[in-house]
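Engineer: The structure file work-v6.cif (mmCIF, C-alpha atoms) is provided below.
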data_work
loop_
_atom_site.label_atom_id
_atom_site.label_comp_id
_atom_site.auth_asym_id
_atom_site.auth_seq_id
_atom_site.Cartn_x
_atom_site.Cartn_y
_atom_site.Cartn_z
CA MET A 28 -66.47 -68.75 20.41
CA ALA A 29 -65.25 -65.53 18.75
CA LEU A 30 -62.57 -64.53 21.27
CA PRO A 31 -59.83 -67.00 20.26
CA LEU A 32 -60.25 -66.01 16.61
CA MET A 33 -60.27 -62.32 17.55
CA GLU A 34 -57.10 -62.76 19.64
CA LYS A 35 -55.36 -64.32 16.64
CA LEU A 36 -56.64 -61.49 14.42
CA ALA A 37 -55.29 -58.83 16.80
CA ALA A 38 -51.91 -60.56 16.90
CA ASP A 39 -51.72 -61.16 13.14
CA ALA A 40 -52.96 -57.70 12.13
CA GLN A 41 -51.19 -55.90 15.00
CA GLN A 42 -54.44 -54.01 15.57
CA SER A 43 -57.26 -54.02 18.08
CA CYS A 44 -60.58 -55.51 17.03
CA HIS A 45 -64.10 -55.58 18.36
CA LEU A 46 -67.37 -57.42 17.80
CA ALA A 47 -70.60 -55.42 17.73
CA VAL A 48 -74.29 -56.32 17.74
CA LEU A 49 -77.48 -54.32 17.44
CA SER A 50 -79.11 -53.19 20.67
CA GLY A 51 -82.29 -51.48 19.55
CA ALA A 52 -81.12 -48.81 17.11
CA ARG A 53 -77.67 -48.64 18.69
CA VAL A 54 -74.44 -50.57 18.29
CA LEU A 55 -73.22 -52.49 21.36
CA ILE A 56 -69.63 -53.73 21.70
CA VAL A 57 -69.86 -57.31 23.05
CA ALA A 58 -66.23 -58.43 22.61
CA GLN A 59 -62.96 -56.55 22.30
CA VAL A 60 -59.28 -57.51 21.98
CA ASP A 61 -56.39 -55.06 22.31
CA ALA A 62 -53.57 -54.87 19.79
CA PRO A 63 -50.25 -56.35 20.95
CA ARG A 64 -48.49 -53.02 20.32
CA PRO A 65 -47.77 -50.55 23.12
CA MET A 66 -49.82 -47.86 21.35
CA HIS A 67 -53.17 -48.63 19.77
CA TYR A 68 -56.75 -47.51 19.43
CA ALA A 69 -59.47 -49.68 20.96
CA VAL A 70 -63.19 -49.42 21.61
CA ARG A 71 -64.30 -50.16 25.18
CA LEU A 72 -66.22 -53.36 25.87
CA GLY A 73 -69.87 -52.51 26.58
CA ALA A 74 -69.71 -49.16 24.77
CA GLN A 75 -72.79 -48.16 22.79
CA PHE A 76 -72.93 -45.91 19.75
CA PRO A 77 -75.59 -44.48 17.46
CA LEU A 78 -76.06 -46.82 14.50
CA ALA A 79 -75.29 -44.22 11.83
CA GLU A 80 -72.07 -43.09 13.50
CA THR A 81 -70.12 -46.34 13.05
CA SER A 82 -68.98 -48.69 10.34
CA SER A 83 -70.21 -51.58 12.46
CA GLY A 84 -73.62 -49.92 12.44
CA ALA A 85 -73.58 -49.51 8.66
CA VAL A 86 -72.75 -53.19 8.18
CA LEU A 87 -75.35 -54.36 10.71
CA PHE A 88 -77.92 -52.08 9.04
CA ALA A 89 -77.08 -53.24 5.51
CA TYR A 90 -77.77 -56.91 6.16
CA GLN A 91 -81.14 -56.42 7.91
CA PRO A 92 -84.43 -57.36 6.24
CA ASP A 93 -86.09 -54.36 4.59
CA HIS A 94 -88.79 -53.88 7.26
CA HIS A 95 -86.21 -53.88 10.05
CA ARG A 96 -83.90 -51.62 8.07
CA GLN A 97 -86.71 -49.04 7.75
CA ALA A 98 -87.40 -49.11 11.50
CA LEU A 99 -83.68 -48.65 12.23
CA LEU A 100 -83.48 -45.82 9.72
CA ASP A 101 -86.49 -44.06 11.26
CA ALA A 102 -84.97 -44.33 14.75
CA SER A 103 -81.59 -43.11 13.49
CA ILE A 104 -83.07 -40.13 11.64
CA ALA A 105 -84.81 -39.04 14.84
CA SER A 106 -81.44 -38.95 16.65
CA PHE A 107 -78.84 -38.16 13.98
CA PRO A 108 -80.57 -36.92 10.81
CA GLU A 109 -77.42 -35.79 8.98
CA LEU A 110 -75.65 -39.14 9.45
CA ALA A 111 -78.73 -41.33 9.10
CA GLU A 112 -79.58 -39.92 5.69
CA THR A 113 -76.42 -41.55 4.32
CA LEU A 114 -77.24 -45.03 5.70
CA PRO A 115 -79.18 -46.37 2.66
CA GLU A 116 -76.36 -45.38 0.29
CA ARG A 117 -73.72 -46.81 2.64
CA ALA A 118 -75.77 -50.01 2.95
CA GLU A 119 -75.83 -50.53 -0.82
CA LYS A 120 -72.06 -50.10 -0.94
CA VAL A 121 -71.61 -52.50 2.01
CA LEU A 122 -73.73 -55.12 0.23
CA SER A 123 -71.84 -54.76 -3.05
CA GLU A 124 -68.40 -54.86 -1.36
CA GLY A 125 -69.25 -57.31 1.43
CA GLY A 126 -68.25 -54.92 4.23
CA GLU A 127 -67.10 -51.38 4.89
CA ARG A 128 -63.65 -49.83 4.70
CA ARG A 129 -64.04 -46.22 5.70
CA GLU A 130 -62.29 -43.48 7.60
CA SER A 131 -63.84 -43.25 11.04
CA LEU A 132 -66.53 -40.61 11.37
CA VAL A 133 -65.49 -40.17 15.01
CA VAL A 134 -61.70 -40.64 15.31
CA SER A 135 -59.24 -38.90 12.99
CA GLY A 136 -56.51 -41.15 11.64
CA VAL A 137 -58.47 -44.39 12.08
CA THR A 138 -59.83 -46.42 9.17
CA ASN A 139 -62.55 -48.91 10.06
CA LEU A 140 -62.36 -52.34 8.45
CA SER A 141 -65.77 -53.91 9.15
CA GLN A 142 -67.18 -57.27 8.10
CA PRO A 143 -70.45 -59.11 8.80
CA VAL A 144 -70.65 -62.24 10.93
CA PHE A 145 -73.51 -64.59 10.01
CA ASP A 146 -75.28 -67.26 12.03
CA HIS A 147 -76.25 -70.76 10.87
CA ARG A 148 -79.33 -69.37 9.08
CA GLY A 149 -77.30 -66.83 7.09
CA VAL A 150 -78.69 -63.96 9.18
CA ILE A 151 -76.28 -61.28 10.34
CA ALA A 152 -75.39 -61.91 13.98
CA ALA A 153 -72.64 -59.34 14.53
CA CYS A 154 -70.04 -57.15 12.90
CA LEU A 155 -66.28 -57.61 13.33
CA THR A 156 -64.22 -54.43 13.04
CA ILE A 157 -60.57 -53.46 13.12
CA PRO A 158 -60.19 -49.74 13.81
CA PHE A 159 -56.94 -49.57 11.81
CA LEU A 160 -54.38 -47.12 13.15
CA ALA A 161 -51.35 -46.66 10.89
CA GLN A 162 -48.09 -46.47 12.83
CA LYS A 163 -44.38 -46.37 12.07
CA GLY A 164 -42.82 -49.79 12.16
CA LEU A 165 -46.09 -51.60 11.58
CA ALA A 166 -45.40 -54.90 9.78
CA VAL A 167 -48.97 -55.27 8.50
CA ASP A 168 -50.45 -52.81 6.01
CA ILE A 169 -54.12 -51.91 5.80
CA ASP A 170 -54.80 -54.26 2.88
CA ALA A 171 -53.37 -57.25 4.78
CA ALA A 172 -55.36 -56.25 7.88
CA GLU A 173 -58.51 -56.08 5.77
CA ARG A 174 -57.88 -59.55 4.36
CA ALA A 175 -57.38 -60.81 7.93
CA VAL A 176 -60.64 -59.31 9.21
CA ILE A 177 -62.53 -60.78 6.24
CA ALA A 178 -61.09 -64.25 6.95
CA THR A 179 -61.74 -63.97 10.68
CA ALA A 180 -65.36 -62.85 10.21
CA ALA A 181 -65.85 -65.85 7.92
CA GLY A 182 -64.21 -68.09 10.55
CA ILE A 183 -66.51 -66.83 13.31
CA SER A 184 -69.48 -67.27 10.99
CA ALA A 185 -68.42 -70.84 10.22
CA ALA A 186 -68.11 -71.54 13.95
CA LEU A 187 -71.74 -70.37 14.25
CA GLY A 188 -72.75 -72.87 11.55
CA TRP A 189 -72.85 -70.54 8.55
CA ARG A 190 -71.74 -71.81 5.17
CA ASP A 191 -70.80 -69.37 2.44
CA PRO A 192 -73.21 -70.09 -0.44
CA ARG A 193 -70.52 -69.00 -2.92
CA GLN A 194 -68.33 -71.90 -1.78
CA THR A 195 -70.88 -74.69 -1.96
CA THR A 196 -70.87 -76.92 -5.00
CA ASP A 197 -73.94 -77.39 -7.09
CA ASN A 198 -74.17 -80.98 -8.29
CA GLU A 199 -77.65 -80.66 -9.76
CA GLY A 200 -76.36 -79.71 -13.21
CA GLU A 201 -73.91 -82.59 -13.46
CA ALA A 202 -74.70 -85.60 -15.65
CA ALA A 203 -75.18 -88.94 -13.87
#
Take the structure in the file and give it back as structure tokens.

Structural biologist:
Amino acid sequence: MALPLMEKLAADAQQSCHLAVLSGARVLIVAQVDAPRPMHYAVRLGAQFPLAETSSGAVLFAYQPDHHRQALLDASIASFPELAETLPERAEKVLSEGGERRESLVVSGVTNLSQPVFDHRGVIAACLTIPFLAQKGLAVDIDAAERAVIATAAGISAALGWRDPRQTTDNEGEAA
């Protein structure tokens, strides 16, 4: 369901993109599309990363229920204490901004543009990320790429049955 939308995103943004889910206290890449450019940065399909090391992990962490968030934090602190300690603060920022735009903690020169994907219940199902690599001759700037990843994450969410509560109309207050 996500791949056609991700292929369009990669073409429109001229960047690679990937879809990540939680696998225990790790991030698992379950879908990936290469950029159409001859040079790009991409994350390998099936790769796993520590939760605290990635923007996808921060987004997935932020939208978890409190009890699950604490369990993930405990597991992350055991493995990567210096990175895990920043997760609660990053999560609050993710929730206030809707996603994460951050320089990669792993790859110099890459800025992660990460957005949540929700299922029909409004529960986070995945995280869509563009690892933005600025290049000469790129027709799409980082702001346009971020708008594209936001729209695509919303499109994947809608395909899963999610409806943005901010876009529903409330008729209860209207006079009959």

Engineer: For the file shown, what are the residues hit by the PyMOL selection byres ((chain A and resi 131) around 10), laid out as number ranges by chain?

Structural biologist: A: 80-82, 128-130, 132-140, 158-159

Engineer: Quick one: apply the PyMOL selection byres ((chain A and resi 46) around 6) to the file and drop the selected residues here as a PyMOL selection string.

Structural biologist: chain A and resi 45+47+56-58+154-155

Engineer: Hey, can you check how far CA of Ala111 in chain A sits from CA of Ile157 in chain A?

Structural biologist: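 Those two atoms sit 22.2 Å apart.
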
Engineer: Contacts of Ala180 in chain A at 7 Å or less, counting all atoms listed in the file, minus same-chain residues fewer than 4 places along, as a PyMOL selection string?

Structural biologist: chain A and resi 142-144+155+176+184

Engineer: Using only C-alpha atoms, pick whichever of A:Asp191, A:Asp168, A:Glu34, A:Glu112 has the shortest atom-to-atom distance to Ala85 in chain A.

Structural biologist: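 Among A:Asp191, A:Asp168, A:Glu34, A:Glu112, it is A:Glu112 that comes nearest to Ala85 in chain A.
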